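Structure, as structure tokens:
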Amino acid sequence: MKIKALLFVGALTLLLSLNIFSYPRDEGILNKPSVSFANLKDGDKVKSPFKVIFELNGMLISPAGEYVEGSGHHHLLINQPFIAKGLTIPADSNHLHFGKGQKEIELNLTSGTYKLTLQFADGYHRSYGEELSKTIQIEVQ
């Protein structure tokens with residue numbers, strides 16, 4: 001009787017453990033690199049000057065001018081859409097570069113509605129594309 005009970009418990013344990021370990025997991029989603037605004041969200045109303053803080057997950061910050069796989073630096077695009085993957089991000093008053101690895105900026109914008117796009121790019125300013133961008137709209141009062 002004890003042997004049958006032990007065999008039953010052993011078989012049940014084996015079946016349960018096989019089911020647990022075979023549960024489908026999509027770990028790629030958990031580790032997918034992303035950028036976001038740490039202190040602003042879509043629809044926020046702010047007063048100038050205001051701080052914009054950048055967040056990065058799943059990659060490393062490295063300075064401009066050198067290519068290091070899996071790394072790069074932030075760019076803030078004002079009233080501009082994301083830059084397609086592989087294209088070089090221009091440098092002008094609407095495309096701000098943070099090539100020293102900066103993670104924040106204080107902006108002083110006139111009153112109005114603005115679209116802010118955080119865009120991550122490699123050491124040569126080549127965009128990682130839409131996957132590593134985040135766009136929000138804010139109102140400066």
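Ligands are numbered from 1 in the order shown, chains are lettered A, B, ... in the order of the structure tokens, and residues start at 1 in each chain.
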
Could you produce a table of the residues of range 115-134 of chain A lying within 6 Å of range 69-86 of chain A, with the nearest pair of atoms per residue and their separation in Å rounded to one decimal, using only C-alpha atoms, ordered by chain and increasing residue number, as CSV?
```
residue,atom,partner,partner_atom,distance
A:Lys115,CA,A:Asn79,CA,4.6
A:Leu116,CA,A:Ile78,CA,5.0
A:Thr117,CA,A:Leu77,CA,4.9
A:Leu118,CA,A:Leu76,CA,4.8
A:Gln119,CA,A:His75,CA,5.1
A:Phe120,CA,A:His74,CA,4.7
A:Ala121,CA,A:Gly72,CA,5.3
A:Asp122,CA,A:Gly72,CA,4.0
A:Gly123,CA,A:Gly72,CA,5.2
A:Arg126,CA,A:Gly86,CA,5.1
A:Ser127,CA,A:Lys85,CA,5.0
A:Tyr128,CA,A:Lys85,CA,4.8
A:Gly129,CA,A:Lys85,CA,3.7
A:Glu130,CA,A:Phe82,CA,6.0
```

What does the file look like for those residues with C-alpha atoms, as a PDB file, in the first residue's frame?
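So the final result, stored in selection06.pdb, reads:
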```
ATOM      1  CA  LYS A 115       5.027  67.087 -29.303  1.00  0.00           C
ATOM      2  CA  LEU A 116       8.167  65.720 -27.601  1.00  0.00           C
ATOM      3  CA  THR A 117       9.815  62.621 -29.032  1.00  0.00           C
ATOM      4  CA  LEU A 118      12.559  60.850 -27.125  1.00  0.00           C
ATOM      5  CA  GLN A 119      14.741  59.020 -29.669  1.00  0.00           C
ATOM      6  CA  PHE A 120      17.643  56.720 -28.847  1.00  0.00           C
ATOM      7  CA  ALA A 121      20.502  56.358 -31.337  1.00  0.00           C
ATOM      8  CA  ASP A 122      23.943  54.749 -31.567  1.00  0.00           C
ATOM      9  CA  GLY A 123      27.280  56.506 -31.098  1.00  0.00           C
ATOM     10  CA  ARG A 126      22.009  56.573 -36.254  1.00  0.00           C
ATOM     11  CA  SER A 127      18.486  56.081 -34.968  1.00  0.00           C
ATOM     12  CA  TYR A 128      17.351  52.814 -33.450  1.00  0.00           C
ATOM     13  CA  GLY A 129      13.943  53.628 -34.948  1.00  0.00           C
ATOM     14  CA  GLU A 130      10.424  53.654 -33.633  1.00  0.00           C
TER      15      GLU A 130
END
```

- strand (DSSP E or B) residues, from DSSP on the backbone, in range 70-138 of chain A, as a PyMOL selection string: chain A and resi 71-78+88+92+95-97+104-107+112-121+126-127+133-138

Residue subset to file, keeping N, CA and C atoms, as a compact mmCIF listing (two decimals), in the first residue's frame:
```txt
# COMPACT_ATOMS: atom_id res chain seq x y z
N SER A 71 24.36 50.01 -27.20
CA SER A 71 24.40 51.26 -26.44
C SER A 71 24.16 52.45 -27.36
N GLY A 72 24.11 53.62 -26.78
CA GLY A 72 23.92 54.84 -27.53
C GLY A 72 23.61 55.99 -26.60
N HIS A 73 22.94 56.99 -27.13
CA HIS A 73 22.60 58.16 -26.32
C HIS A 73 21.24 58.73 -26.76
N HIS A 74 20.69 59.59 -25.92
CA HIS A 74 19.36 60.16 -26.14
C HIS A 74 19.39 61.35 -27.09
N HIS A 75 18.25 61.56 -27.73
CA HIS A 75 17.96 62.75 -28.53
C HIS A 75 16.54 63.16 -28.21
N LEU A 76 16.30 64.45 -28.10
CA LEU A 76 14.96 64.95 -27.86
C LEU A 76 14.53 65.73 -29.08
N LEU A 77 13.44 65.30 -29.69
CA LEU A 77 12.92 65.92 -30.90
C LEU A 77 11.69 66.74 -30.52
N ILE A 78 11.69 68.00 -30.89
CA ILE A 78 10.59 68.90 -30.55
C ILE A 78 9.74 69.11 -31.80
N THR A 88 20.52 59.00 -39.80
CA THR A 88 21.26 59.88 -38.89
C THR A 88 20.34 61.00 -38.42
N ASP A 92 19.80 70.32 -34.85
CA ASP A 92 19.28 71.68 -34.97
C ASP A 92 18.42 71.97 -33.76
N HIS A 95 16.07 69.15 -32.92
CA HIS A 95 16.68 67.83 -32.74
C HIS A 95 17.85 68.00 -31.77
N LEU A 96 17.58 67.84 -30.48
CA LEU A 96 18.60 68.07 -29.45
C LEU A 96 19.36 66.78 -29.17
N HIS A 97 20.68 66.88 -29.17
CA HIS A 97 21.56 65.72 -28.95
C HIS A 97 22.12 65.73 -27.53
N GLU A 104 18.88 64.24 -18.80
CA GLU A 104 17.84 65.23 -18.53
C GLU A 104 18.21 66.58 -19.13
N ILE A 105 17.19 67.43 -19.24
CA ILE A 105 17.39 68.80 -19.74
C ILE A 105 16.31 69.68 -19.12
N GLU A 106 16.64 70.95 -18.95
CA GLU A 106 15.64 71.92 -18.56
C GLU A 106 15.28 72.71 -19.82
N LEU A 107 14.01 72.62 -20.22
CA LEU A 107 13.54 73.31 -21.42
C LEU A 107 12.82 74.60 -21.05
N GLY A 112 2.16 77.04 -25.50
CA GLY A 112 1.65 76.33 -26.65
C GLY A 112 1.65 74.83 -26.43
N THR A 113 1.22 74.11 -27.45
CA THR A 113 1.18 72.65 -27.42
C THR A 113 2.40 72.13 -28.19
N TYR A 114 3.08 71.16 -27.60
CA TYR A 114 4.29 70.61 -28.19
C TYR A 114 4.24 69.09 -28.20
N LYS A 115 4.82 68.53 -29.22
CA LYS A 115 5.03 67.09 -29.30
C LYS A 115 6.50 66.87 -28.98
N LEU A 116 6.79 66.06 -27.96
CA LEU A 116 8.17 65.72 -27.60
C LEU A 116 8.40 64.25 -27.94
N THR A 117 9.45 64.00 -28.69
CA THR A 117 9.81 62.62 -29.03
C THR A 117 11.19 62.33 -28.49
N LEU A 118 11.28 61.33 -27.63
CA LEU A 118 12.56 60.85 -27.12
C LEU A 118 13.03 59.78 -28.09
N GLN A 119 14.22 59.95 -28.66
CA GLN A 119 14.74 59.02 -29.67
C GLN A 119 16.12 58.56 -29.24
N PHE A 120 16.33 57.27 -29.20
CA PHE A 120 17.64 56.72 -28.85
C PHE A 120 18.39 56.37 -30.13
N ALA A 121 19.69 56.61 -30.14
CA ALA A 121 20.50 56.36 -31.34
C ALA A 121 21.89 55.87 -30.92
N ARG A 126 22.93 57.33 -35.40
CA ARG A 126 22.01 56.57 -36.25
C ARG A 126 20.87 56.05 -35.38
N SER A 127 19.67 56.41 -35.76
CA SER A 127 18.49 56.08 -34.97
C SER A 127 18.28 54.57 -34.83
N SER A 133 11.82 54.80 -29.39
CA SER A 133 11.35 56.18 -29.33
C SER A 133 10.08 56.22 -28.50
N LYS A 134 9.79 57.39 -27.99
CA LYS A 134 8.54 57.60 -27.22
C LYS A 134 8.10 59.02 -27.50
N THR A 135 6.85 59.19 -27.91
CA THR A 135 6.30 60.52 -28.21
C THR A 135 5.16 60.84 -27.27
N ILE A 136 5.19 62.04 -26.72
CA ILE A 136 4.11 62.54 -25.90
C ILE A 136 3.76 63.95 -26.36
N GLN A 137 2.58 64.40 -26.01
CA GLN A 137 2.19 65.78 -26.28
C GLN A 137 1.98 66.47 -24.94
N ILE A 138 2.54 67.67 -24.81
CA ILE A 138 2.39 68.45 -23.59
C ILE A 138 1.88 69.85 -23.94
```

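Reported to one decimal place, the separation of CA of Leu56 in chain A from CA of Gln102 in chain A is 11.5 Å.
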